[in-house]
Amino acid sequence: MSAPTMRPSAGPLPEHVVALLGAVVEALDIPAPATFGDREQYREVLDQRAMWVIVALKSVLIDPTGLAAEWMVTYLRERLAEHPPTSYRPWDAPPSPRPSEEGGR
């Protein structure tokens, strides 16, 4: 696979694009499942969120004026708030080891 070609930037992204991309990341960047048994529910949550993202992106592509993007950011964030990824146990990274209080470390 070849490396992507870099094009000169046309400047910063418009605010509505940045907001939409932020909502997409918020939708899809959910914690990994804690156990093998949690994978099915994790997939269901991620599938639902991916569907909302697809609807939002298609709507913006149909009407790229910025108005659709602003509305879709609100729509997407409302759906995410109504359906948080709490139906499965998320994996938590183990805590970093603490230096022993004994021995002055």
# chains A, B, ... in the order shown; residues from 1 in each chain; ligands from 1
$ residues_around --residues "range 37-46 of chain A" --least-positions-apart "5" --cutoff "10 Å" --atoms "only C-alpha atoms" --output "PyMOL selection string"
chain A and resi 27-32+51-52+83-91
$ select_by_dssp --residues "range 18-56 of chain A" --states "alpha helix (DSSP H)" --output "PDB file with all heavy atoms, in the first residue's frame"
ATOM      1  N   VAL A  18     -15.562  20.790  11.615  1.00  0.00           N
ATOM      2  CA  VAL A  18     -14.865  20.376  12.839  1.00  0.00           C
ATOM      3  C   VAL A  18     -15.866  19.831  13.855  1.00  0.00           C
ATOM      4  O   VAL A  18     -15.619  18.791  14.485  1.00  0.00           O
ATOM      5  CB  VAL A  18     -14.053  21.550  13.431  1.00  0.00           C
ATOM      6  CG1 VAL A  18     -13.482  21.192  14.793  1.00  0.00           C
ATOM      7  CG2 VAL A  18     -12.936  21.960  12.481  1.00  0.00           C
ATOM      8  N   ALA A  19     -17.008  20.492  14.001  1.00  0.00           N
ATOM      9  CA  ALA A  19     -18.030  20.023  14.936  1.00  0.00           C
ATOM     10  C   ALA A  19     -18.568  18.666  14.518  1.00  0.00           C
ATOM     11  O   ALA A  19     -18.760  17.778  15.359  1.00  0.00           O
ATOM     12  CB  ALA A  19     -19.166  21.043  15.029  1.00  0.00           C
ATOM     13  N   LEU A  20     -18.798  18.478  13.222  1.00  0.00           N
ATOM     14  CA  LEU A  20     -19.301  17.197  12.736  1.00  0.00           C
ATOM     15  C   LEU A  20     -18.267  16.088  12.955  1.00  0.00           C
ATOM     16  O   LEU A  20     -18.605  15.003  13.425  1.00  0.00           O
ATOM     17  CB  LEU A  20     -19.676  17.286  11.255  1.00  0.00           C
ATOM     18  CG  LEU A  20     -20.231  16.014  10.633  1.00  0.00           C
ATOM     19  CD1 LEU A  20     -21.512  15.559  11.332  1.00  0.00           C
ATOM     20  CD2 LEU A  20     -20.477  16.216   9.150  1.00  0.00           C
ATOM     21  N   LEU A  21     -17.024  16.362  12.653  1.00  0.00           N
ATOM     22  CA  LEU A  21     -15.973  15.362  12.872  1.00  0.00           C
ATOM     23  C   LEU A  21     -15.849  15.021  14.360  1.00  0.00           C
ATOM     24  O   LEU A  21     -15.651  13.859  14.720  1.00  0.00           O
ATOM     25  CB  LEU A  21     -14.642  15.851  12.310  1.00  0.00           C
ATOM     26  CG  LEU A  21     -14.575  15.968  10.790  1.00  0.00           C
ATOM     27  CD1 LEU A  21     -13.254  16.608  10.370  1.00  0.00           C
ATOM     28  CD2 LEU A  21     -14.754  14.617  10.128  1.00  0.00           C
ATOM     29  N   GLY A  22     -15.980  16.016  15.216  1.00  0.00           N
ATOM     30  CA  GLY A  22     -15.942  15.761  16.657  1.00  0.00           C
ATOM     31  C   GLY A  22     -17.078  14.858  17.102  1.00  0.00           C
ATOM     32  O   GLY A  22     -16.889  13.952  17.916  1.00  0.00           O
ATOM     33  N   ALA A  23     -18.265  15.082  16.559  1.00  0.00           N
ATOM     34  CA  ALA A  23     -19.417  14.244  16.901  1.00  0.00           C
ATOM     35  C   ALA A  23     -19.233  12.820  16.379  1.00  0.00           C
ATOM     36  O   ALA A  23     -19.613  11.852  17.043  1.00  0.00           O
ATOM     37  CB  ALA A  23     -20.702  14.857  16.344  1.00  0.00           C
ATOM     38  N   VAL A  24     -18.623  12.678  15.212  1.00  0.00           N
ATOM     39  CA  VAL A  24     -18.359  11.343  14.653  1.00  0.00           C
ATOM     40  C   VAL A  24     -17.385  10.592  15.558  1.00  0.00           C
ATOM     41  O   VAL A  24     -17.591   9.417  15.892  1.00  0.00           O
ATOM     42  CB  VAL A  24     -17.833  11.444  13.211  1.00  0.00           C
ATOM     43  CG1 VAL A  24     -17.259  10.123  12.733  1.00  0.00           C
ATOM     44  CG2 VAL A  24     -18.941  11.917  12.274  1.00  0.00           C
ATOM     45  N   VAL A  25     -16.329  11.260  15.964  1.00  0.00           N
ATOM     46  CA  VAL A  25     -15.360  10.614  16.863  1.00  0.00           C
ATOM     47  C   VAL A  25     -16.035  10.246  18.180  1.00  0.00           C
ATOM     48  O   VAL A  25     -15.842   9.143  18.698  1.00  0.00           O
ATOM     49  CB  VAL A  25     -14.132  11.526  17.100  1.00  0.00           C
ATOM     50  CG1 VAL A  25     -13.262  11.008  18.226  1.00  0.00           C
ATOM     51  CG2 VAL A  25     -13.326  11.666  15.820  1.00  0.00           C
ATOM     52  N   GLU A  26     -16.835  11.148  18.718  1.00  0.00           N
ATOM     53  CA  GLU A  26     -17.562  10.875  19.961  1.00  0.00           C
ATOM     54  C   GLU A  26     -18.459   9.641  19.805  1.00  0.00           C
ATOM     55  O   GLU A  26     -18.567   8.817  20.716  1.00  0.00           O
ATOM     56  CB  GLU A  26     -18.404  12.094  20.329  1.00  0.00           C
ATOM     57  CG  GLU A  26     -19.149  11.977  21.620  1.00  0.00           C
ATOM     58  CD  GLU A  26     -19.997  13.208  21.904  1.00  0.00           C
ATOM     59  OE1 GLU A  26     -19.687  14.303  21.392  1.00  0.00           O
ATOM     60  OE2 GLU A  26     -20.985  13.074  22.647  1.00  0.00           O
ATOM     61  N   ALA A  27     -19.072   9.497  18.657  1.00  0.00           N
ATOM     62  CA  ALA A  27     -19.973   8.368  18.421  1.00  0.00           C
ATOM     63  C   ALA A  27     -19.235   7.046  18.332  1.00  0.00           C
ATOM     64  O   ALA A  27     -19.704   6.028  18.851  1.00  0.00           O
ATOM     65  CB  ALA A  27     -20.769   8.598  17.139  1.00  0.00           C
ATOM     66  N   LEU A  28     -18.092   7.041  17.676  1.00  0.00           N
ATOM     67  CA  LEU A  28     -17.416   5.776  17.372  1.00  0.00           C
ATOM     68  C   LEU A  28     -16.297   5.398  18.340  1.00  0.00           C
ATOM     69  O   LEU A  28     -15.897   4.244  18.395  1.00  0.00           O
ATOM     70  CB  LEU A  28     -16.861   5.824  15.944  1.00  0.00           C
ATOM     71  CG  LEU A  28     -17.910   6.052  14.854  1.00  0.00           C
ATOM     72  CD1 LEU A  28     -17.237   6.126  13.496  1.00  0.00           C
ATOM     73  CD2 LEU A  28     -18.988   4.985  14.886  1.00  0.00           C
ATOM     74  N   ARG A  39     -18.520  -8.606  24.305  1.00  0.00           N
ATOM     75  CA  ARG A  39     -18.292  -8.206  22.912  1.00  0.00           C
ATOM     76  C   ARG A  39     -19.570  -8.035  22.107  1.00  0.00           C
ATOM     77  O   ARG A  39     -19.679  -7.122  21.300  1.00  0.00           O
ATOM     78  CB  ARG A  39     -17.378  -9.209  22.206  1.00  0.00           C
ATOM     79  CG  ARG A  39     -15.950  -9.124  22.641  1.00  0.00           C
ATOM     80  CD  ARG A  39     -15.035  -9.998  21.838  1.00  0.00           C
ATOM     81  NE  ARG A  39     -15.673 -11.218  21.393  1.00  0.00           N
ATOM     82  CZ  ARG A  39     -15.249 -11.946  20.385  1.00  0.00           C
ATOM     83  NH1 ARG A  39     -14.192 -11.599  19.715  1.00  0.00           N
ATOM     84  NH2 ARG A  39     -15.874 -13.061  20.038  1.00  0.00           N
ATOM     85  N   GLU A  40     -20.530  -8.913  22.295  1.00  0.00           N
ATOM     86  CA  GLU A  40     -21.760  -8.836  21.500  1.00  0.00           C
ATOM     87  C   GLU A  40     -22.512  -7.529  21.768  1.00  0.00           C
ATOM     88  O   GLU A  40     -22.943  -6.855  20.842  1.00  0.00           O
ATOM     89  CB  GLU A  40     -22.661 -10.035  21.779  1.00  0.00           C
ATOM     90  CG  GLU A  40     -23.889 -10.090  20.890  1.00  0.00           C
ATOM     91  CD  GLU A  40     -23.560 -10.199  19.406  1.00  0.00           C
ATOM     92  OE1 GLU A  40     -22.556 -10.844  19.045  1.00  0.00           O
ATOM     93  OE2 GLU A  40     -24.332  -9.634  18.603  1.00  0.00           O
ATOM     94  N   GLN A  41     -22.650  -7.179  23.038  1.00  0.00           N
ATOM     95  CA  GLN A  41     -23.348  -5.927  23.372  1.00  0.00           C
ATOM     96  C   GLN A  41     -22.547  -4.732  22.880  1.00  0.00           C
ATOM     97  O   GLN A  41     -23.110  -3.763  22.378  1.00  0.00           O
ATOM     98  CB  GLN A  41     -23.581  -5.837  24.884  1.00  0.00           C
ATOM     99  CG  GLN A  41     -24.531  -4.745  25.264  1.00  0.00           C
ATOM    100  CD  GLN A  41     -25.923  -4.928  24.665  1.00  0.00           C
ATOM    101  OE1 GLN A  41     -26.415  -6.035  24.524  1.00  0.00           O
ATOM    102  NE2 GLN A  41     -26.555  -3.835  24.307  1.00  0.00           N
ATOM    103  N   TYR A  42     -21.217  -4.802  22.985  1.00  0.00           N
ATOM    104  CA  TYR A  42     -20.345  -3.733  22.470  1.00  0.00           C
ATOM    105  C   TYR A  42     -20.588  -3.541  20.976  1.00  0.00           C
ATOM    106  O   TYR A  42     -20.741  -2.411  20.499  1.00  0.00           O
ATOM    107  CB  TYR A  42     -18.886  -4.099  22.737  1.00  0.00           C
ATOM    108  CG  TYR A  42     -17.877  -3.280  21.971  1.00  0.00           C
ATOM    109  CD1 TYR A  42     -17.494  -2.022  22.415  1.00  0.00           C
ATOM    110  CD2 TYR A  42     -17.294  -3.767  20.798  1.00  0.00           C
ATOM    111  CE1 TYR A  42     -16.560  -1.266  21.715  1.00  0.00           C
ATOM    112  CE2 TYR A  42     -16.364  -3.024  20.096  1.00  0.00           C
ATOM    113  CZ  TYR A  42     -16.006  -1.774  20.563  1.00  0.00           C
ATOM    114  OH  TYR A  42     -15.076  -1.037  19.860  1.00  0.00           O
ATOM    115  N   ARG A  43     -20.636  -4.632  20.235  1.00  0.00           N
ATOM    116  CA  ARG A  43     -20.872  -4.557  18.782  1.00  0.00           C
ATOM    117  C   ARG A  43     -22.231  -3.951  18.470  1.00  0.00           C
ATOM    118  O   ARG A  43     -22.373  -3.182  17.516  1.00  0.00           O
ATOM    119  CB  ARG A  43     -20.754  -5.945  18.156  1.00  0.00           C
ATOM    120  CG  ARG A  43     -19.334  -6.417  18.058  1.00  0.00           C
ATOM    121  CD  ARG A  43     -19.276  -7.762  17.387  1.00  0.00           C
ATOM    122  NE  ARG A  43     -17.918  -8.256  17.358  1.00  0.00           N
ATOM    123  CZ  ARG A  43     -17.591  -9.527  17.448  1.00  0.00           C
ATOM    124  NH1 ARG A  43     -18.529 -10.447  17.560  1.00  0.00           N
ATOM    125  NH2 ARG A  43     -16.330  -9.893  17.414  1.00  0.00           N
ATOM    126  N   GLU A  44     -23.245  -4.318  19.245  1.00  0.00           N
ATOM    127  CA  GLU A  44     -24.573  -3.750  19.010  1.00  0.00           C
ATOM    128  C   GLU A  44     -24.567  -2.233  19.230  1.00  0.00           C
ATOM    129  O   GLU A  44     -25.147  -1.478  18.447  1.00  0.00           O
ATOM    130  CB  GLU A  44     -25.602  -4.414  19.928  1.00  0.00           C
ATOM    131  CG  GLU A  44     -25.921  -5.840  19.529  1.00  0.00           C
ATOM    132  CD  GLU A  44     -26.903  -6.518  20.470  1.00  0.00           C
ATOM    133  OE1 GLU A  44     -27.603  -5.809  21.237  1.00  0.00           O
ATOM    134  OE2 GLU A  44     -26.960  -7.752  20.460  1.00  0.00           O
ATOM    135  N   VAL A  45     -23.907  -1.799  20.287  1.00  0.00           N
ATOM    136  CA  VAL A  45     -23.811  -0.358  20.572  1.00  0.00           C
ATOM    137  C   VAL A  45     -23.063   0.336  19.437  1.00  0.00           C
ATOM    138  O   VAL A  45     -23.502   1.370  18.920  1.00  0.00           O
ATOM    139  CB  VAL A  45     -23.111  -0.114  21.928  1.00  0.00           C
ATOM    140  CG1 VAL A  45     -22.773   1.359  22.119  1.00  0.00           C
ATOM    141  CG2 VAL A  45     -23.976  -0.626  23.075  1.00  0.00           C
ATOM    142  N   LEU A  46     -21.943  -0.232  19.030  1.00  0.00           N
ATOM    143  CA  LEU A  46     -21.140   0.386  17.978  1.00  0.00           C
ATOM    144  C   LEU A  46     -21.881   0.386  16.642  1.00  0.00           C
ATOM    145  O   LEU A  46     -21.828   1.376  15.905  1.00  0.00           O
ATOM    146  CB  LEU A  46     -19.806  -0.347  17.848  1.00  0.00           C
ATOM    147  CG  LEU A  46     -18.726   0.362  17.052  1.00  0.00           C
ATOM    148  CD1 LEU A  46     -18.438   1.748  17.595  1.00  0.00           C
ATOM    149  CD2 LEU A  46     -17.453  -0.474  17.054  1.00  0.00           C
ATOM    150  N   ASP A  47     -22.604  -0.689  16.331  1.00  0.00           N
ATOM    151  CA  ASP A  47     -23.403  -0.734  15.096  1.00  0.00           C
ATOM    152  C   ASP A  47     -24.458   0.372  15.077  1.00  0.00           C
ATOM    153  O   ASP A  47     -24.662   1.030  14.056  1.00  0.00           O
ATOM    154  CB  ASP A  47     -24.096  -2.090  14.936  1.00  0.00           C
ATOM    155  CG  ASP A  47     -23.172  -3.192  14.498  1.00  0.00           C
ATOM    156  OD1 ASP A  47     -22.011  -2.912  14.124  1.00  0.00           O
ATOM    157  OD2 ASP A  47     -23.601  -4.368  14.532  1.00  0.00           O
ATOM    158  N   GLN A  48     -25.144   0.559  16.201  1.00  0.00           N
ATOM    159  CA  GLN A  48     -26.169   1.601  16.283  1.00  0.00           C
ATOM    160  C   GLN A  48     -25.548   2.972  16.062  1.00  0.00           C
ATOM    161  O   GLN A  48     -26.049   3.791  15.297  1.00  0.00           O
ATOM    162  CB  GLN A  48     -26.855   1.561  17.658  1.00  0.00           C
ATOM    163  CG  GLN A  48     -27.932   2.593  17.834  1.00  0.00           C
ATOM    164  CD  GLN A  48     -29.164   2.278  17.030  1.00  0.00           C
ATOM    165  OE1 GLN A  48     -29.642   1.158  17.041  1.00  0.00           O
ATOM    166  NE2 GLN A  48     -29.688   3.252  16.325  1.00  0.00           N
ATOM    167  N   ARG A  49     -24.415   3.222  16.712  1.00  0.00           N
ATOM    168  CA  ARG A  49     -23.747   4.505  16.580  1.00  0.00           C
ATOM    169  C   ARG A  49     -23.217   4.709  15.160  1.00  0.00           C
ATOM    170  O   ARG A  49     -23.287   5.812  14.623  1.00  0.00           O
ATOM    171  CB  ARG A  49     -22.621   4.609  17.609  1.00  0.00           C
ATOM    172  CG  ARG A  49     -23.178   4.781  19.000  1.00  0.00           C
ATOM    173  CD  ARG A  49     -22.134   4.595  20.086  1.00  0.00           C
ATOM    174  NE  ARG A  49     -22.666   5.109  21.319  1.00  0.00           N
ATOM    175  CZ  ARG A  49     -22.236   6.214  21.924  1.00  0.00           C
ATOM    176  NH1 ARG A  49     -21.212   6.873  21.443  1.00  0.00           N
ATOM    177  NH2 ARG A  49     -22.809   6.641  23.020  1.00  0.00           N
ATOM    178  N   ALA A  50     -22.709   3.653  14.543  1.00  0.00           N
ATOM    179  CA  ALA A  50     -22.225   3.757  13.167  1.00  0.00           C
ATOM    180  C   ALA A  50     -23.378   4.104  12.218  1.00  0.00           C
ATOM    181  O   ALA A  50     -23.200   4.897  11.284  1.00  0.00           O
ATOM    182  CB  ALA A  50     -21.553   2.458  12.739  1.00  0.00           C
ATOM    183  N   MET A  51     -24.566   3.559  12.476  1.00  0.00           N
ATOM    184  CA  MET A  51     -25.727   3.882  11.649  1.00  0.00           C
ATOM    185  C   MET A  51     -26.051   5.373  11.747  1.00  0.00           C
ATOM    186  O   MET A  51     -26.302   6.032  10.740  1.00  0.00           O
ATOM    187  CB  MET A  51     -26.937   3.054  12.067  1.00  0.00           C
ATOM    188  CG  MET A  51     -28.155   3.317  11.189  1.00  0.00           C
ATOM    189  SD  MET A  51     -29.664   2.589  11.847  1.00  0.00           S
ATOM    190  CE  MET A  51     -29.922   3.573  13.313  1.00  0.00           C
ATOM    191  N   TRP A  52     -26.019   5.923  12.966  1.00  0.00           N
ATOM    192  CA  TRP A  52     -26.293   7.351  13.123  1.00  0.00           C
ATOM    193  C   TRP A  52     -25.245   8.196  12.410  1.00  0.00           C
ATOM    194  O   TRP A  52     -25.561   9.215  11.799  1.00  0.00           O
ATOM    195  CB  TRP A  52     -26.336   7.732  14.595  1.00  0.00           C
ATOM    196  CG  TRP A  52     -27.474   7.133  15.363  1.00  0.00           C
ATOM    197  CD1 TRP A  52     -28.728   6.846  14.888  1.00  0.00           C
ATOM    198  CD2 TRP A  52     -27.470   6.742  16.720  1.00  0.00           C
ATOM    199  NE1 TRP A  52     -29.494   6.294  15.885  1.00  0.00           N
ATOM    200  CE2 TRP A  52     -28.748   6.231  17.025  1.00  0.00           C
ATOM    201  CE3 TRP A  52     -26.521   6.776  17.729  1.00  0.00           C
ATOM    202  CZ2 TRP A  52     -29.096   5.767  18.287  1.00  0.00           C
ATOM    203  CZ3 TRP A  52     -26.859   6.309  18.985  1.00  0.00           C
ATOM    204  CH2 TRP A  52     -28.139   5.808  19.258  1.00  0.00           C
ATOM    205  N   VAL A  53     -23.993   7.764  12.462  1.00  0.00           N
ATOM    206  CA  VAL A  53     -22.919   8.489  11.776  1.00  0.00           C
ATOM    207  C   VAL A  53     -23.156   8.476  10.265  1.00  0.00           C
ATOM    208  O   VAL A  53     -23.014   9.501   9.598  1.00  0.00           O
ATOM    209  CB  VAL A  53     -21.536   7.896  12.128  1.00  0.00           C
ATOM    210  CG1 VAL A  53     -20.461   8.404  11.187  1.00  0.00           C
ATOM    211  CG2 VAL A  53     -21.176   8.221  13.572  1.00  0.00           C
ATOM    212  N   ILE A  54     -23.524   7.334   9.726  1.00  0.00           N
ATOM    213  CA  ILE A  54     -23.774   7.233   8.286  1.00  0.00           C
ATOM    214  C   ILE A  54     -24.921   8.151   7.872  1.00  0.00           C
ATOM    215  O   ILE A  54     -24.830   8.862   6.874  1.00  0.00           O
ATOM    216  CB  ILE A  54     -24.041   5.765   7.883  1.00  0.00           C
ATOM    217  CG1 ILE A  54     -22.739   4.970   7.991  1.00  0.00           C
ATOM    218  CG2 ILE A  54     -24.623   5.677   6.471  1.00  0.00           C
ATOM    219  CD1 ILE A  54     -22.918   3.476   7.907  1.00  0.00           C
ATOM    220  N   VAL A  55     -25.981   8.162   8.649  1.00  0.00           N
ATOM    221  CA  VAL A  55     -27.109   9.051   8.355  1.00  0.00           C
ATOM    222  C   VAL A  55     -26.640  10.506   8.360  1.00  0.00           C
ATOM    223  O   VAL A  55     -26.967  11.282   7.455  1.00  0.00           O
ATOM    224  CB  VAL A  55     -28.262   8.837   9.368  1.00  0.00           C
ATOM    225  CG1 VAL A  55     -29.297   9.944   9.269  1.00  0.00           C
ATOM    226  CG2 VAL A  55     -28.898   7.472   9.165  1.00  0.00           C
ATOM    227  N   ALA A  56     -25.853  10.867   9.355  1.00  0.00           N
ATOM    228  CA  ALA A  56     -25.369  12.248   9.453  1.00  0.00           C
ATOM    229  C   ALA A  56     -24.480  12.602   8.275  1.00  0.00           C
ATOM    230  O   ALA A  56     -24.653  13.656   7.646  1.00  0.00           O
ATOM    231  CB  ALA A  56     -24.612  12.434  10.767  1.00  0.00           C
TER     232      ALA A  56
END
$ atom_distance --atom1 "CA of Pro64 in chain A" --atom2 "CA of Leu80 in chain A"
22.8 Å
$ atom_distance --atom1 "CA of Asp63 in chain A" --atom2 "CA of Pro14 in chain A"
15.1 Å
$ atom_distance --atom1 "CA of Leu76 in chain A" --atom2 "CA of Val60 in chain A"
12.3 Å
$ decode --residues "range 69-79 of chain A" --atoms "all heavy atoms" --output "compact mmCIF listing (two decimals), in the first residue's frame"
# COMPACT_ATOMS: atom_id res chain seq x y z
N ALA A 69 -24.93 20.17 8.25
CA ALA A 69 -23.89 19.73 9.19
C ALA A 69 -24.21 20.21 10.60
O ALA A 69 -24.10 19.44 11.56
CB ALA A 69 -22.53 20.24 8.73
N GLU A 70 -24.59 21.47 10.73
CA GLU A 70 -24.92 22.00 12.06
C GLU A 70 -26.09 21.24 12.67
O GLU A 70 -26.07 20.88 13.85
CB GLU A 70 -25.23 23.49 11.96
CG GLU A 70 -24.02 24.32 11.62
CD GLU A 70 -24.36 25.78 11.37
OE1 GLU A 70 -25.44 26.23 11.81
OE2 GLU A 70 -23.54 26.46 10.74
N TRP A 71 -27.11 20.98 11.89
CA TRP A 71 -28.28 20.27 12.38
C TRP A 71 -27.92 18.83 12.74
O TRP A 71 -28.34 18.30 13.76
CB TRP A 71 -29.40 20.29 11.33
CG TRP A 71 -30.69 19.78 11.89
CD1 TRP A 71 -31.64 20.52 12.53
CD2 TRP A 71 -31.16 18.43 11.88
NE1 TRP A 71 -32.68 19.70 12.91
CE2 TRP A 71 -32.40 18.42 12.53
CE3 TRP A 71 -30.65 17.23 11.40
CZ2 TRP A 71 -33.14 17.25 12.71
CZ3 TRP A 71 -31.38 16.07 11.56
CH2 TRP A 71 -32.61 16.10 12.21
N MET A 72 -27.10 18.19 11.90
CA MET A 72 -26.73 16.80 12.14
C MET A 72 -25.84 16.64 13.37
O MET A 72 -25.91 15.62 14.05
CB MET A 72 -26.06 16.20 10.91
CG MET A 72 -27.01 15.96 9.73
SD MET A 72 -28.58 15.14 10.15
CE MET A 72 -28.05 13.56 10.76
N VAL A 73 -25.01 17.61 13.67
CA VAL A 73 -24.21 17.55 14.89
C VAL A 73 -25.13 17.51 16.10
O VAL A 73 -24.96 16.69 17.01
CB VAL A 73 -23.23 18.74 14.97
CG1 VAL A 73 -22.63 18.87 16.37
CG2 VAL A 73 -22.12 18.60 13.94
N THR A 74 -26.13 18.37 16.10
CA THR A 74 -27.11 18.39 17.20
C THR A 74 -27.85 17.06 17.27
O THR A 74 -27.98 16.46 18.35
CB THR A 74 -28.10 19.55 17.02
OG1 THR A 74 -27.36 20.77 16.97
CG2 THR A 74 -29.12 19.59 18.13
N TYR A 75 -28.33 16.58 16.12
CA TYR A 75 -29.05 15.31 16.07
C TYR A 75 -28.19 14.16 16.60
O TYR A 75 -28.63 13.37 17.44
CB TYR A 75 -29.47 15.03 14.62
CG TYR A 75 -29.96 13.63 14.40
CD1 TYR A 75 -31.28 13.27 14.69
CD2 TYR A 75 -29.11 12.64 13.89
CE1 TYR A 75 -31.74 11.97 14.48
CE2 TYR A 75 -29.56 11.35 13.69
CZ TYR A 75 -30.86 11.02 13.98
OH TYR A 75 -31.30 9.74 13.79
N LEU A 76 -26.96 14.09 16.13
CA LEU A 76 -26.07 13.00 16.51
C LEU A 76 -25.77 13.05 18.00
O LEU A 76 -25.85 12.03 18.69
CB LEU A 76 -24.79 13.08 15.68
CG LEU A 76 -23.79 11.93 15.79
CD1 LEU A 76 -24.45 10.59 15.56
CD2 LEU A 76 -22.65 12.14 14.80
N ARG A 77 -25.46 14.21 18.51
CA ARG A 77 -25.15 14.33 19.95
C ARG A 77 -26.38 14.01 20.82
O ARG A 77 -26.24 13.45 21.90
CB ARG A 77 -24.58 15.70 20.25
CG ARG A 77 -23.18 15.84 19.65
CD ARG A 77 -22.28 16.71 20.48
NE ARG A 77 -20.90 16.49 20.11
CZ ARG A 77 -20.13 17.40 19.53
NH1 ARG A 77 -20.62 18.60 19.26
NH2 ARG A 77 -18.88 17.12 19.24
N GLU A 78 -27.57 14.36 20.35
CA GLU A 78 -28.78 14.01 21.10
C GLU A 78 -28.97 12.50 21.15
O GLU A 78 -29.32 11.95 22.20
CB GLU A 78 -30.01 14.67 20.49
CG GLU A 78 -30.09 16.15 20.75
CD GLU A 78 -31.22 16.84 20.01
OE1 GLU A 78 -31.91 16.20 19.18
OE2 GLU A 78 -31.41 18.06 20.23
N ARG A 79 -28.75 11.82 20.02
CA ARG A 79 -28.87 10.36 20.00
C ARG A 79 -27.83 9.72 20.93
O ARG A 79 -28.13 8.78 21.66
CB ARG A 79 -28.66 9.78 18.60
CG ARG A 79 -29.64 10.18 17.51
CD ARG A 79 -31.09 9.77 17.72
NE ARG A 79 -31.84 10.55 18.67
CZ ARG A 79 -32.27 11.81 18.51
NH1 ARG A 79 -32.02 12.48 17.43
NH2 ARG A 79 -32.96 12.42 19.46
